Each structure stands twice: as structure tokens, then as C-alpha cells.
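Below is one structure; the comments refer to it alone.
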Amino acid sequence: MAAISMRGRRANARARRDFLWGLFFTSPAIIGLLWFTAYPLLASFYYSFTSYSLFGGAKWIGLQNYRDLMSDDNWWVSLYNTVYILVGSIPLGIITALVLALLLNMKVRGMAIYRTLFYLPSIVPAVASAVVWAYVFNPQYGILNNILRIFGINGPGWLASPTWAKPALIIMSVWGAGNLMIILLAGLQDVPQEIYDAAKVDGAGWWASFWNVTLPFLSPHLFYALVTGLIAGFQYFTPAYVLTGGNGGPARSTLIAALYLYQNAFRYFKMGYASAMAWILFLIILVITLLTFRTLSRRIYYGGA
């Protein structure tokens with residue numbers, strides 16, 4: 001018994017020593033996480049209850065920032081614009097990526113080159129992409145309106161038009177479909193060929209195979225695209241900032257939630273008010289994500305799982 005007890009103490013000492021060494025080697029990452037993530041998170045929560053400017057101290061005002069936010073017309077406009085762009089860009093991005101993945105899954109010579117070409121736009125920096133699209137959407141000499149003129153159509157003002165500014169941002173979102181295209185392409189290549197063969201034997205055509213075989217196997221990837229798209233949609237910022245100079249024009253048509261938050265924080269220096277916005281956005285994203293998981297996760301097909 002004494003020998004067993006001694007071995008147990010040695011094992012515990014070794015495990016404790018391994019844990020301490022592991023903690024030592026991971027401490028830089030842990031400290032970085034706490035300093036650059038946990039501390040700003042807690043600080044912003046505190047500042048959301050204060051009147052805080054970069055040029056002055058924080059004064060506790062309780063829930064006043066949240067009350068002001070509920071009566072702020074610009075805030076509601078920014079939420080509407082965000083949801084508008086999100087509802088348009090997510091389906092368009094998913095459909096575009098799915099179509100590209102289906103085409104790039106074909107057995108064609110030189111397919112690796114095509115896959116690379118379609119993926120390249122998604123790795124271009126967002127600012128550079130926005131500058132390119134500013135030229136594309138230019139109403140006088142832009143590529144898009146020049147193409148429309150060939151067919152006798154007078155193109156709209158796009159970014160200069162309150163009616164067309166948000167659709168322009170939605171169209172631009174297709175530019176980043178390459179990332180999702182790669183994910184869906186990987187999913188397509190994971191579908192067992194024998195299932196397609198069995199469906200063909202049963203008389204299923206292309207559409208029946210796509211609807212009853214391909215889509216169920218791709219459902220985890222599509223669900224991932226939906227959830228990440230919802231989260232990213234409420235954080236949408238760079239294109240709207242670059243294309244409008246950070247003003248959200250014309251006529252507030254591109255004033256989105258993240259841009260309005262940025263304006264209050266770094267243009268008007270209302271850090272407390274901006275912190276309240278950030279927390280409201282966080283709660284909106286959290287609730288929508290949880291509802292999405294609750295309503296759709298059971299309908300996802302995970303192969304043999």
C-alpha cells in the first residue's frame with residue numbers, strides 16, 4: 001500500500017509539474033488574450049454606462065446611453081441599412097459560391113487554374129477591393145454602366161444614388177465569394193460517388209440528385225456560411241467606409257451600424273455612447289446566432305453521424 005501511495009504522489013507531482021510548465025509556455029498567449037480581448041471587453045461594458053470622451057474622464061450616467069440609443073433616429077436607420085445589406089448579400093453570396101463550386105467540381109482540363117482565378121479576388125485586401133469597385137460603379141465612366149449602355153440601358157448613379165447605394169454594396173459582396181466557394185467545393189468532393197450512382201440507378205436526374213443528395217451533404221457547409229455571414233454582416237464596415245468616405249451617404253443610405261459606431265467613437269469622441277452601441281450589436285448578434293442554431297441545427301445532415 002505504501003508503494004502504491006508513493007507512486008500516486010509521484011504521478012500527481014509529475015502532472016502538477018507538467019501543468020506548470022504548460023502554463024509557463026502558454027502564458028504569453030494567455031496574457032495577450034486577457035490584455036487585448038478580456039480587458040477591452042470589460043472596459044467597454046463599464047464605459048457604456050458612462051459619459052466618456054477621449055479628452056475627459058468617465059462620468060457615470062447609468063443607462064442614459066442606452067436610453068439615448070433607443071431614441072436615436074440615426075441608430076435605427078443604421079440598423080435598417082445593415083439588415084437590408086445582410087438580407088441581400090448572404091443569399092447572393094451563398095448562391096454565387098454554390099454555383100461556382102458546382103462548375104469548378106467538373107472534370108475539365110486546367111480546372112486548377114480556374115479555381116485559382118475565382119479564388120484570388122477573396123484574398124485582395126478589402127480597401128483595395130473597395131477602390132476597384134468605386135471605379136466599377138462610377139456613373140460616367142464605370143465599367144458596369146458602360147456595359148449597360150451597350151444594351152441601351154442608362155445605368156443608375158449607384159453610389160451617388162440613395163436608391164442604388166445599398167444594392168451596389170450587395171453586388172460588391174459577391175467579390176468575396178471565393179472563400180465560401182472553396183469550402184463548398186471541398187464539401188462536394190466529400191460526397192461519396194456511390195450515392196450518386198445509386199440515385200442514377202433509381203432514375204434520378206441531375207436536379208433530383210442535386211436536391212436529394214448534394215444539398216443534404218452540403219447542409220453543414222451552408223449552415224456554417226449562414227451563421228458566419230450573419231455575424232460578419234453586422235460587423236460590415238470597410239467597403240461602406242471607403243466608398244462613402246466614412247459619411248454614410250448619400251442621404252444616410254449607407255450608414256450602417258458599424259460605421260455609425262465608428263463615427264461616434266472616433267469622429268465625435270463619444271466613447272461611452274459608442275460602447276453602448278457595441279454591446280447592443282453584440283446582443284443582437286448573439287440572439288440571432290442562437291435562434292439560427294435552435295431553428296436550423298436539427299435539420300443539418302452530418303453524413304453517417
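A note on labels: chains of the C-alpha cells are A, B, ... as shown, every chain counts residues from 1, and ligands are counted from 1 in their shown order.
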Selection: 12 Å around region 265-274 of chain A, only C-alpha atoms, excl. self and same-chain fewer than 6 positions, as a compact mmCIF listing (two decimals) with C-alpha atoms, in the first residue's frame:
```
# COMPACT_ATOMS: atom_id res chain seq x y z
CA ALA A 43 -13.73 48.21 -20.14
CA SER A 44 -16.24 48.82 -22.94
CA PHE A 45 -19.01 47.35 -20.78
CA TYR A 46 -18.14 49.78 -17.98
CA TYR A 47 -17.80 52.75 -20.34
CA SER A 48 -21.21 52.02 -21.85
CA PHE A 49 -22.66 53.31 -18.57
CA THR A 50 -20.57 56.48 -18.59
CA SER A 51 -20.24 59.76 -20.43
CA TYR A 52 -16.69 59.23 -21.63
CA SER A 53 -14.63 61.19 -24.12
CA LEU A 54 -11.01 60.77 -25.17
CA PHE A 55 -10.41 64.29 -23.90
CA GLY A 56 -12.02 63.88 -20.50
CA GLY A 57 -12.68 61.42 -17.72
CA ALA A 58 -15.54 58.97 -17.49
CA LYS A 59 -18.65 60.13 -15.63
CA TRP A 60 -21.16 57.52 -14.51
CA ILE A 61 -24.60 58.13 -16.06
CA GLY A 62 -26.20 54.71 -15.66
CA LEU A 63 -28.48 53.62 -18.51
CA GLN A 64 -28.63 57.03 -20.18
CA ASN A 65 -26.56 55.94 -23.20
CA TYR A 66 -28.93 53.05 -23.82
CA ARG A 67 -31.98 55.32 -23.46
CA ASP A 68 -30.49 57.81 -25.91
CA LEU A 69 -29.75 54.98 -28.31
CA MET A 70 -33.38 53.85 -28.35
CA ASP A 72 -31.60 57.94 -31.87
CA TRP A 75 -29.13 54.33 -34.95
CA GLY A 246 -16.97 57.38 -43.84
CA ASN A 247 -20.03 59.65 -44.11
CA ALA A 257 -24.31 50.10 -37.64
CA ALA A 258 -20.54 49.56 -37.51
CA LEU A 259 -19.93 52.80 -39.42
CA ILE A 280 -26.33 46.28 -28.29
CA LEU A 281 -24.80 44.95 -31.52
```
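Among the candidates A:Ala168, A:Ala186, A:Ala160, A:Met277, the one nearest to His221 (chain A) when counting only C-alpha atoms is A:Ala186.
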Got a sec: who's within 8 Å of Leu104 (chain A), counting only C-alpha atoms, leaving out chain neighbours fewer than 4 positions off, as a VMD selection string? chain A and resid 100 111 114 to 115 185
Let's have the selection written as a PDB file, in the first residue's frame, with N, CA and C atoms.
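Wrote it out as selection_23.pdb, contents follow:
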```
ATOM      1  N   LEU A 100     -20.503  28.480 -58.427  1.00  0.00           N
ATOM      2  CA  LEU A 100     -19.090  28.381 -58.794  1.00  0.00           C
ATOM      3  C   LEU A 100     -18.500  27.042 -58.364  1.00  0.00           C
ATOM      4  N   MET A 111      -8.637  22.803 -64.681  1.00  0.00           N
ATOM      5  CA  MET A 111      -9.572  23.261 -63.658  1.00  0.00           C
ATOM      6  C   MET A 111      -8.863  23.941 -62.493  1.00  0.00           C
ATOM      7  N   TYR A 114      -8.664  27.622 -63.143  1.00  0.00           N
ATOM      8  CA  TYR A 114      -9.945  28.299 -62.957  1.00  0.00           C
ATOM      9  C   TYR A 114     -10.252  28.484 -61.470  1.00  0.00           C
ATOM     10  N   ARG A 115      -9.971  27.461 -60.678  1.00  0.00           N
ATOM     11  CA  ARG A 115     -10.211  27.563 -59.238  1.00  0.00           C
ATOM     12  C   ARG A 115      -9.372  28.672 -58.629  1.00  0.00           C
ATOM     13  N   LEU A 185     -16.737  23.611 -52.359  1.00  0.00           N
ATOM     14  CA  LEU A 185     -16.055  22.692 -53.280  1.00  0.00           C
ATOM     15  C   LEU A 185     -15.494  21.492 -52.521  1.00  0.00           C
TER      16      LEU A 185
END
```
Using only C-alpha atoms, find the one residue out of A:Gln140, A:Asn12, A:Ser297, A:Thr254 that sits nearest to Val83 (chain A).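 Selected residue with least distance to Val83 (chain A): A:Thr254.
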Among listed residues A:Leu243, A:Ile182, A:Val174, A:Ile30, nearest Gly88 (chain A) (using only C-alpha atoms):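 That would be A:Val174, the residue with the smallest distance to Gly88 (chain A).
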Give the alpha helix (DSSP H) residues of region 41-195 of chain A, as assigned by DSSP on the backbone, as a ChimeraX atom specification. /A:41-47,64-70,73-104,111-119,126-136,143-150,165-173,178-190,193-195
Okay, now the selection with C-alpha atoms, as a short mmCIF file (atom, residue, chain, number, x, y, z; two decimals), in the first residue's frame?
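In the end it all went to part-v8.cif:
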```
data_model
loop_
_atom_site.label_atom_id
_atom_site.label_comp_id
_atom_site.auth_asym_id
_atom_site.auth_seq_id
_atom_site.Cartn_x
_atom_site.Cartn_y
_atom_site.Cartn_z
CA LEU A 41 -14.39 43.84 -23.39
CA LEU A 42 -14.86 44.60 -19.70
CA ALA A 43 -13.73 48.21 -20.14
CA SER A 44 -16.24 48.82 -22.94
CA PHE A 45 -19.01 47.35 -20.78
CA TYR A 46 -18.14 49.78 -17.98
CA TYR A 47 -17.80 52.75 -20.34
CA GLN A 64 -28.63 57.03 -20.18
CA ASN A 65 -26.56 55.94 -23.20
CA TYR A 66 -28.93 53.05 -23.82
CA ARG A 67 -31.98 55.32 -23.46
CA ASP A 68 -30.49 57.81 -25.91
CA LEU A 69 -29.75 54.98 -28.31
CA MET A 70 -33.38 53.85 -28.35
CA ASP A 73 -33.00 58.05 -35.41
CA ASN A 74 -29.56 57.53 -36.96
CA TRP A 75 -29.13 54.33 -34.95
CA TRP A 76 -32.36 52.84 -36.28
CA VAL A 77 -31.50 53.91 -39.82
CA SER A 78 -28.10 52.24 -39.47
CA LEU A 79 -29.70 49.02 -38.21
CA TYR A 80 -32.17 49.04 -41.12
CA ASN A 81 -29.36 49.57 -43.62
CA THR A 82 -27.31 46.79 -42.02
CA VAL A 83 -30.18 44.29 -42.15
CA TYR A 84 -31.01 45.35 -45.73
CA ILE A 85 -27.45 44.66 -46.90
CA LEU A 86 -27.25 41.47 -44.85
CA VAL A 87 -30.52 40.05 -46.23
CA GLY A 88 -29.38 40.78 -49.77
CA SER A 89 -25.73 39.79 -49.56
CA ILE A 90 -25.97 36.46 -47.69
CA PRO A 91 -28.29 34.66 -50.18
CA LEU A 92 -26.48 36.21 -53.15
CA GLY A 93 -23.08 35.20 -51.77
CA ILE A 94 -24.16 31.65 -50.94
CA ILE A 95 -25.85 31.10 -54.32
CA THR A 96 -22.87 32.53 -56.21
CA ALA A 97 -20.40 30.40 -54.25
CA LEU A 98 -22.53 27.28 -54.73
CA VAL A 99 -22.84 27.80 -58.49
CA LEU A 100 -19.09 28.38 -58.79
CA ALA A 101 -18.34 25.31 -56.67
CA LEU A 102 -20.59 23.14 -58.85
CA LEU A 103 -18.90 24.42 -62.01
CA LEU A 104 -15.40 24.05 -60.59
CA MET A 111 -9.57 23.26 -63.66
CA ALA A 112 -6.90 24.14 -61.07
CA ILE A 113 -6.25 27.38 -62.95
CA TYR A 114 -9.94 28.30 -62.96
CA ARG A 115 -10.21 27.56 -59.24
CA THR A 116 -7.25 29.82 -58.54
CA LEU A 117 -8.67 32.64 -60.67
CA PHE A 118 -12.05 32.55 -58.95
CA TYR A 119 -10.45 32.39 -55.50
CA ALA A 126 -10.84 44.98 -48.55
CA VAL A 127 -9.64 48.56 -49.07
CA ALA A 128 -8.11 47.73 -52.45
CA SER A 129 -11.29 45.91 -53.48
CA ALA A 130 -13.41 48.91 -52.49
CA VAL A 131 -11.23 51.24 -54.58
CA VAL A 132 -11.65 48.96 -57.61
CA TRP A 133 -15.41 48.81 -57.12
CA ALA A 134 -15.59 52.60 -56.79
CA TYR A 135 -14.32 52.72 -60.37
CA VAL A 136 -16.72 49.97 -61.49
CA ILE A 143 -17.37 49.53 -66.33
CA LEU A 144 -20.83 48.49 -65.15
CA ASN A 145 -22.70 51.44 -66.69
CA ASN A 146 -20.67 51.15 -69.89
CA ILE A 147 -21.84 47.55 -70.23
CA LEU A 148 -25.44 48.63 -69.62
CA ARG A 149 -25.12 51.32 -72.33
CA ILE A 150 -24.24 48.63 -74.86
CA ALA A 165 -26.18 52.70 -52.97
CA LYS A 166 -27.20 49.70 -50.85
CA PRO A 167 -27.76 47.40 -53.87
CA ALA A 168 -24.28 48.42 -55.02
CA LEU A 169 -22.80 47.24 -51.72
CA ILE A 170 -24.75 43.98 -52.04
CA ILE A 171 -23.39 43.41 -55.55
CA MET A 172 -19.90 44.11 -54.26
CA SER A 173 -20.29 41.36 -51.64
CA GLY A 178 -14.18 32.73 -53.20
CA ASN A 179 -13.71 31.71 -49.57
CA LEU A 180 -17.11 30.05 -49.36
CA MET A 181 -16.63 28.59 -52.84
CA ILE A 182 -13.57 26.67 -51.61
CA ILE A 183 -15.49 25.37 -48.58
CA LEU A 184 -18.42 24.20 -50.71
CA LEU A 185 -16.05 22.69 -53.28
CA ALA A 186 -14.43 20.65 -50.52
CA GLY A 187 -17.90 19.56 -49.41
CA LEU A 188 -18.82 18.49 -52.94
CA GLN A 189 -15.69 16.38 -53.20
CA ASP A 190 -16.59 14.63 -49.94
CA GLN A 193 -19.71 8.82 -55.68
CA GLU A 194 -21.58 5.57 -54.98
CA ILE A 195 -24.55 7.59 -53.65
#
```
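Restricting the calculation to only C-alpha atoms, the smallest distance between Gly249 (chain A) and any of A:Trp21, A:Tyr141, A:Tyr262, A:Trp164 is found for A:Trp164.
Among the candidates A:Leu226, A:Tyr301, A:Arg294, A:Leu23, the residue lying nearest to Asn212 (chain A) is A:Tyr301 (atoms considered: only C-alpha atoms).
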Do you have the CA of Gly157 (chain A)-CA of Arg252 (chain A) distance handy?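 Taking CA of Gly157 (chain A) and CA of Arg252 (chain A), their separation equals 15.4 Å.
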Per residue of region 222-295 of chain A within 12 Å of region 214-218 of chain A, which atom pair is closest and at what distance in Å (one decimal), using only C-alpha atoms, listed by chain and increasing number, as a tab-separated table?
```
residue	atom	partner	partner_atom	distance
A:Leu222	CA	A:Leu218	CA	6.2
A:Phe223	CA	A:Leu218	CA	8.6
A:Tyr224	CA	A:Leu218	CA	10.0
A:Ala225	CA	A:Leu218	CA	10.6
```
Run DSSP on the backbone and tell me which residues of region 34-237 of chain A come out as strand (DSSP E); list them as a list in words.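 Selecting the strand (DSSP E) positions of region 34-237 of chain A gives Thr50, Ser51, Lys59 and Trp60 of chain A.
The coordinates place CA of Thr238 (chain A) at 21.9 Å from CA of Leu286 (chain A).
With distances restricted to only C-alpha atoms, A:Leu159 is the closest residue to Pro239 (chain A) from A:Trp35, A:Val213, A:Pro192, A:Leu159.
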